[in-house]
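Reviewing the structure listed below.
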Amino acid sequence: MEKVLQINNLSKNYGSLQAVKDVSFTVNQGEVYGILGPNGSGKTTTLAVVLGILNANGGDYQWFDEPFTKLARRRIGSLIETPNFYPYLSLWENLKIVAKIKDAPESDINYALGVANLLKRKHTNFGHLSLGMKQRMSMASVLIGNPEVLVLDEPTNGLDPEGFAEVRNIIQSQAKEGKTIILASHILDEVEKVCSHVAILKSGELIANGRVGELLSSDETVHIQAENMEALLVVLNESAIVKNAKIVDDEIVVVLETDIKSTDLSKLCFEKGHSLSKIVVKKQSLEDQFLQLVKK
Amino acid sequence: MKKLFELEKIKTLSYPAFRTLMIIHFLLFFLVILVASRVHFTIPGFSVKGLYQFPNIWGFFPWVASWFNLFLAIVVILLVGNEFSFRTFRQNVIDGLSRNDLIGGKLILVLAIAIYTFIMVLLAVLIFGLIYTRDLSFEIIFKNSYLILIYFIQAIGYMSMGILVAIIFRNNALSIIMFILYFALIEPIVRLFFKAEVRRFFPMKIISNLTPMPEFLTMASEKKYTSATGESYLDFTEMGLLPENLSLGTTVFLAVGYIGFFVALSTVLMNRRNL
């Protein structure tokens with residue numbers, strides 16, 4: 001599988017503030033890769049560095065296994081933070097600039113405006129659009145030149161629920177076409193519904209990355225209490241039926257492997273000589289898991 | 001090159017402020033030369049009409065046009081500053097331009113504006129010169145015509161400094177204020193701290209000296225036009241309107257050097273700083 005983006009130990013400082021610290025991850029072709037993190041976690045900075053608009057203070061990155069060249073840029077459609085267009089130009093004129101830069105045919109402009117549902121507004125000046133329309137215009141510009149990779153930073157910012165759904169549909173349809181999508185967001189639901197892989201950033205550091213299903217699944221957790229919690233934790237972490245176990249407050253929170261039931265856990269504890277004073281099964285929300293990860 | 005030109009054409013020609021400012025520039029230039037052609041005052045040794053005749057007109061019209069070079073620099077500051085405030089430089093790079101392309105595009109813009117003003121002054125010179133000159137000959141018409149090329153270099157000088165200032169400050173209002181302050185206050189004050197031999201080499205001094213007051217006018221400050229008391233009627237050197245002991249060739253050479261320096265510094269800043 002071709003590596004689309006490889007980031008190695010990337011760092012970026014703003015004066016004394018270290019916005020990105022030694023971040024490394026790889027995005028492969030065809031993946032829908034989410035970069036998740038609370039506001040100020042370094043998502044936008046990471047993307048701005050790999051797109052060449054901010055200079056890194058350390059580390060390096062490669063697109064398509066090569067240094068970042070003009071040619072590589074044209075294989076990527078990007079939307080970073082706010083929509084950046086000339087307010088006094090019409091949507092068509094603004095996209096003509098994008099098409100010229102990317103050496104794309106002018107027919108792409110009408111296609112992109114059509115996908116973003118802005119064809120009727122093609123002669124309206126960008127400055128006269130609502131925030132939601134501006135965001136959709138950004139999506140249109142990303143599609144110019146039929147790029148292989150879409151880099152989208154908070155693409156649903158400022159959208160109403162209808163616009164939110166429209167943008168999500170565009171992303172999903174592009175993903176179905178086999179395009180690689182890198183999506184930065186602080187909206188968990190957005191990442192979970194759209195992405196196959198995710199990197200989680202907190203205060204500029206990468207705290208987890210992998211498949212969404214592995215990192216942010218709506219797993220059941222089993223909350224247990226016993227007399228000797230430390231010894232029980234060792235037993236659980238050595239067991240093949242337990243995916244993950246940790247002490248949280250005065251109980252052990254256990255995530256079981258697929259198809260393992262809480263009764264199997266109870267039986268394991270009994271066999272190892274630990275009698276449980278409490279066993280409660282809880283469905284853990286994605287938000288709980290995300291918060292647990294970023295609070296670690 | 002062609003792509004950068006086409007991009008700048010789309011960005012610039014549709015910008016209402018650009019169109020308005022260029023129309024004002026055009027009107028101001030023609031207003032001054034039309035009004036001046038109607039003015040009658042007496043300074044021993046010459047008449048105003050003589051300024052509209054070949055070959056004097058080659059020096060006079062570029063000199064008048066040079067008054068508005070500051071205006072052109074402000075237009076360029078606005079166009080570059082807008083790219084920062086609209087964050088479109090950033091978007092252009094994301095879409096596939098290099099940072100050198102961004103500078104290249106603006107240099108093409110500067111060149112295009114300089115060519116436009118060159119043509120505007122050239123046409124004005126030819127029209128007024130042909131109207132006001134009685135004894136026309138090929139030699140008289142084209143004598144001193146090189147002065148318009150020097151005006152062209154001067155216009156590029158002002159505008160390339162405009163690019164540099166806009167890249168340094170990235171804010172239209174601040175850039176315009178700083179540019180005018182540098183031109184009118186900072187450099188003149190700094191020059192005072194240096195010896196006369198050094199003063200004349202400062203960038204704005206060199207660039208503004210490219211289009212000196214026309215020879216025809218400078219005659220008024222020469223001794224033969226002094227009053228009975230021996231004092232000159234007008235001392236243009238004292239007024240800062242005449243170049244100080246540098247040949248035109250040297251001034252042009254230094255001006256082109258400064259233009260190169262402004263462009264190089266703009267390119268370095270564009271590449272080193274975040275967008």
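Convention: chains lettered A, B, ... in structure tokens order; per-chain residue numbering from 1; ligands numbered from 1 as shown.
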Pull out every residue of chain B sitting within 7 Å of chain A, counting only C-alpha atoms, and send them as a PyMOL selection string.
-> chain B and resi 7+14-15+86-88+90-91+93-98+274-275
Backbone DSSP call of alpha helix (DSSP H) for stretch 23-167 of chain B, listed as a PyMOL selection string = chain B and resi 23-38+57-66+69-85+88-95+99-132+138-142+146-167
Within 12 Å of B:Tyr146, counting only C-alpha atoms, which residues show up once you throw out same-chain ones fewer than 3 positions away? Write them as a list in words, please.
->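 Result of the neighbour search: Pro55, Asn56, Ile57, Trp58, Gly59, Pro62, Phe118, Leu122, Ile141, Phe142, Lys143, Leu149, Ile150, Tyr151, Phe152, Ile153, Leu210, Thr211, Leu248, Gly249 and Val252 of chain B.
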Residues within 10 Å of B:Ile115, please, as a PDB file with C-alpha atoms, in the first residue's frame. Count only C-alpha atoms; anything in the same chain fewer than 4 positions from it doesn't count.
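For reference, result_33.pdb as written:
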ATOM      1  CA  LEU B 109       2.273  42.882 -11.348  1.00  0.00           C
ATOM      2  CA  VAL B 110       4.820  45.618 -10.608  1.00  0.00           C
ATOM      3  CA  LEU B 111       6.259  45.239 -14.092  1.00  0.00           C
ATOM      4  CA  ILE B 119       2.992  53.931 -21.930  1.00  0.00           C
ATOM      5  CA  MET B 120       0.743  56.543 -20.334  1.00  0.00           C
ATOM      6  CA  VAL B 121       3.631  59.029 -19.931  1.00  0.00           C
ATOM      7  CA  PHE B 152      10.207  53.294 -15.688  1.00  0.00           C
ATOM      8  CA  ALA B 155       8.413  53.319 -10.796  1.00  0.00           C
ATOM      9  CA  ILE B 156       9.672  49.743 -10.343  1.00  0.00           C
TER      10      ILE B 156
END
Among stretch 24-270 of chain B, which ones does DSSP place in strand (DSSP E or B), written as a count of residues only?
-> 4
Compile the contact shell of stretch 254-261 of chain B as a VMD selection string: residues with an atom at most 12 Å away, counting only C-alpha atoms, same-chain residues fewer than 3 positions apart removed.
-> chain B and resid 107 110 150 to 164 200 to 211 246 to 251 264 to 268
Write out as a PyMOL selection string the residues lying within 10 Å of A:Leu206, counting only C-alpha atoms and excluding same-chain residues fewer than 3 positions away.
-> chain A and resi 20-25+35-37+41-43+199-203+209+294
Write the selection just made, keeping N, CA and C atoms, as a PDB file, in the first residue's frame?
ATOM      1  N   VAL A  20       3.424  21.650  18.501  1.00  0.00           N
ATOM      2  CA  VAL A  20       3.468  20.237  18.069  1.00  0.00           C
ATOM      3  C   VAL A  20       4.794  19.651  18.569  1.00  0.00           C
ATOM      4  N   LYS A  21       4.682  18.488  19.249  1.00  0.00           N
ATOM      5  CA  LYS A  21       5.882  17.898  19.859  1.00  0.00           C
ATOM      6  C   LYS A  21       6.123  16.494  19.315  1.00  0.00           C
ATOM      7  N   ASP A  22       7.137  16.340  18.518  1.00  0.00           N
ATOM      8  CA  ASP A  22       7.592  15.007  18.088  1.00  0.00           C
ATOM      9  C   ASP A  22       6.467  14.109  17.574  1.00  0.00           C
ATOM     10  N   VAL A  23       5.626  14.640  16.753  1.00  0.00           N
ATOM     11  CA  VAL A  23       4.484  13.850  16.261  1.00  0.00           C
ATOM     12  C   VAL A  23       4.916  13.009  15.050  1.00  0.00           C
ATOM     13  N   SER A  24       4.557  11.734  15.085  1.00  0.00           N
ATOM     14  CA  SER A  24       4.856  10.831  13.959  1.00  0.00           C
ATOM     15  C   SER A  24       3.626   9.981  13.661  1.00  0.00           C
ATOM     16  N   PHE A  25       3.252   9.914  12.432  1.00  0.00           N
ATOM     17  CA  PHE A  25       2.248   8.933  12.002  1.00  0.00           C
ATOM     18  C   PHE A  25       2.269   8.813  10.490  1.00  0.00           C
ATOM     19  N   ILE A  35      -7.747  13.213  12.418  1.00  0.00           N
ATOM     20  CA  ILE A  35      -6.840  13.751  13.439  1.00  0.00           C
ATOM     21  C   ILE A  35      -7.753  14.420  14.462  1.00  0.00           C
ATOM     22  N   LEU A  36      -7.807  13.798  15.602  1.00  0.00           N
ATOM     23  CA  LEU A  36      -8.795  14.179  16.611  1.00  0.00           C
ATOM     24  C   LEU A  36      -8.077  14.806  17.799  1.00  0.00           C
ATOM     25  N   GLY A  37      -8.693  15.804  18.371  1.00  0.00           N
ATOM     26  CA  GLY A  37      -8.103  16.408  19.553  1.00  0.00           C
ATOM     27  C   GLY A  37      -8.888  17.629  19.945  1.00  0.00           C
ATOM     28  N   SER A  41      -4.953  21.517  20.344  1.00  0.00           N
ATOM     29  CA  SER A  41      -4.141  20.298  20.521  1.00  0.00           C
ATOM     30  C   SER A  41      -3.049  20.181  19.454  1.00  0.00           C
ATOM     31  N   GLY A  42      -3.088  21.020  18.427  1.00  0.00           N
ATOM     32  CA  GLY A  42      -2.026  20.998  17.408  1.00  0.00           C
ATOM     33  C   GLY A  42      -2.460  20.383  16.089  1.00  0.00           C
ATOM     34  N   LYS A  43      -3.754  20.157  15.907  1.00  0.00           N
ATOM     35  CA  LYS A  43      -4.238  19.529  14.661  1.00  0.00           C
ATOM     36  C   LYS A  43      -3.959  20.418  13.452  1.00  0.00           C
ATOM     37  N   ALA A 199      -5.696   9.572  14.602  1.00  0.00           N
ATOM     38  CA  ALA A 199      -4.576   9.939  15.477  1.00  0.00           C
ATOM     39  C   ALA A 199      -5.151  10.925  16.482  1.00  0.00           C
ATOM     40  N   ILE A 200      -4.851  10.704  17.752  1.00  0.00           N
ATOM     41  CA  ILE A 200      -5.401  11.611  18.766  1.00  0.00           C
ATOM     42  C   ILE A 200      -4.281  12.474  19.326  1.00  0.00           C
ATOM     43  N   LEU A 201      -4.497  13.780  19.247  1.00  0.00           N
ATOM     44  CA  LEU A 201      -3.497  14.730  19.732  1.00  0.00           C
ATOM     45  C   LEU A 201      -3.999  15.405  21.001  1.00  0.00           C
ATOM     46  N   LYS A 202      -3.037  15.663  21.872  1.00  0.00           N
ATOM     47  CA  LYS A 202      -3.371  16.426  23.079  1.00  0.00           C
ATOM     48  C   LYS A 202      -2.174  17.313  23.395  1.00  0.00           C
ATOM     49  N   SER A 203      -2.400  18.585  23.541  1.00  0.00           N
ATOM     50  CA  SER A 203      -1.330  19.562  23.820  1.00  0.00           C
ATOM     51  C   SER A 203      -0.126  19.380  22.898  1.00  0.00           C
ATOM     52  N   ASN A 209      -2.802   6.388  18.182  1.00  0.00           N
ATOM     53  CA  ASN A 209      -3.237   6.319  16.792  1.00  0.00           C
ATOM     54  C   ASN A 209      -3.476   4.880  16.394  1.00  0.00           C
ATOM     55  N   VAL A 294      -7.620  11.557  26.462  1.00  0.00           N
ATOM     56  CA  VAL A 294      -6.966  12.861  26.545  1.00  0.00           C
ATOM     57  C   VAL A 294      -6.672  13.289  27.985  1.00  0.00           C
TER      58      VAL A 294
END
Hey, can you check how far atom CA of B:Leu78 sits from atom CA of B:Lys11?
->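 Atom-to-atom, atom CA of B:Leu78 to atom CA of B:Lys11, that is 12.2 Å.
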Could you name the residues that touch stretch 22-39 of chain B at 8 Å or less, counting only C-alpha atoms, but leaving out those on the same chain fewer than 4 positions away, as a ChimeraX atom specification?
-> /B:18,48-49,52,61,64-65,68,71-72
Identify which of the residues A:Asp249, A:Glu148, A:Glu31, A:Asp65 lies closest to A:Leu5, counting only C-alpha atoms when measuring atom-to-atom distances.
-> A:Asp65
Atom CA of A:Arg211 to atom CA of A:Val115: how many Å, to one decimal?
-> 29.0 Å
What does the distance from atom CA of B:Met178 to atom CA of B:Leu79 come to in Å, to one decimal?
-> 16.0 Å
Name the closest residue to B:Val80 among the candidates B:Ile186, B:Val165, B:Ala124, B:Val263; distances are taken between atoms, counting only C-alpha atoms.
->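 Selected residue with least distance to B:Val80: B:Val165.
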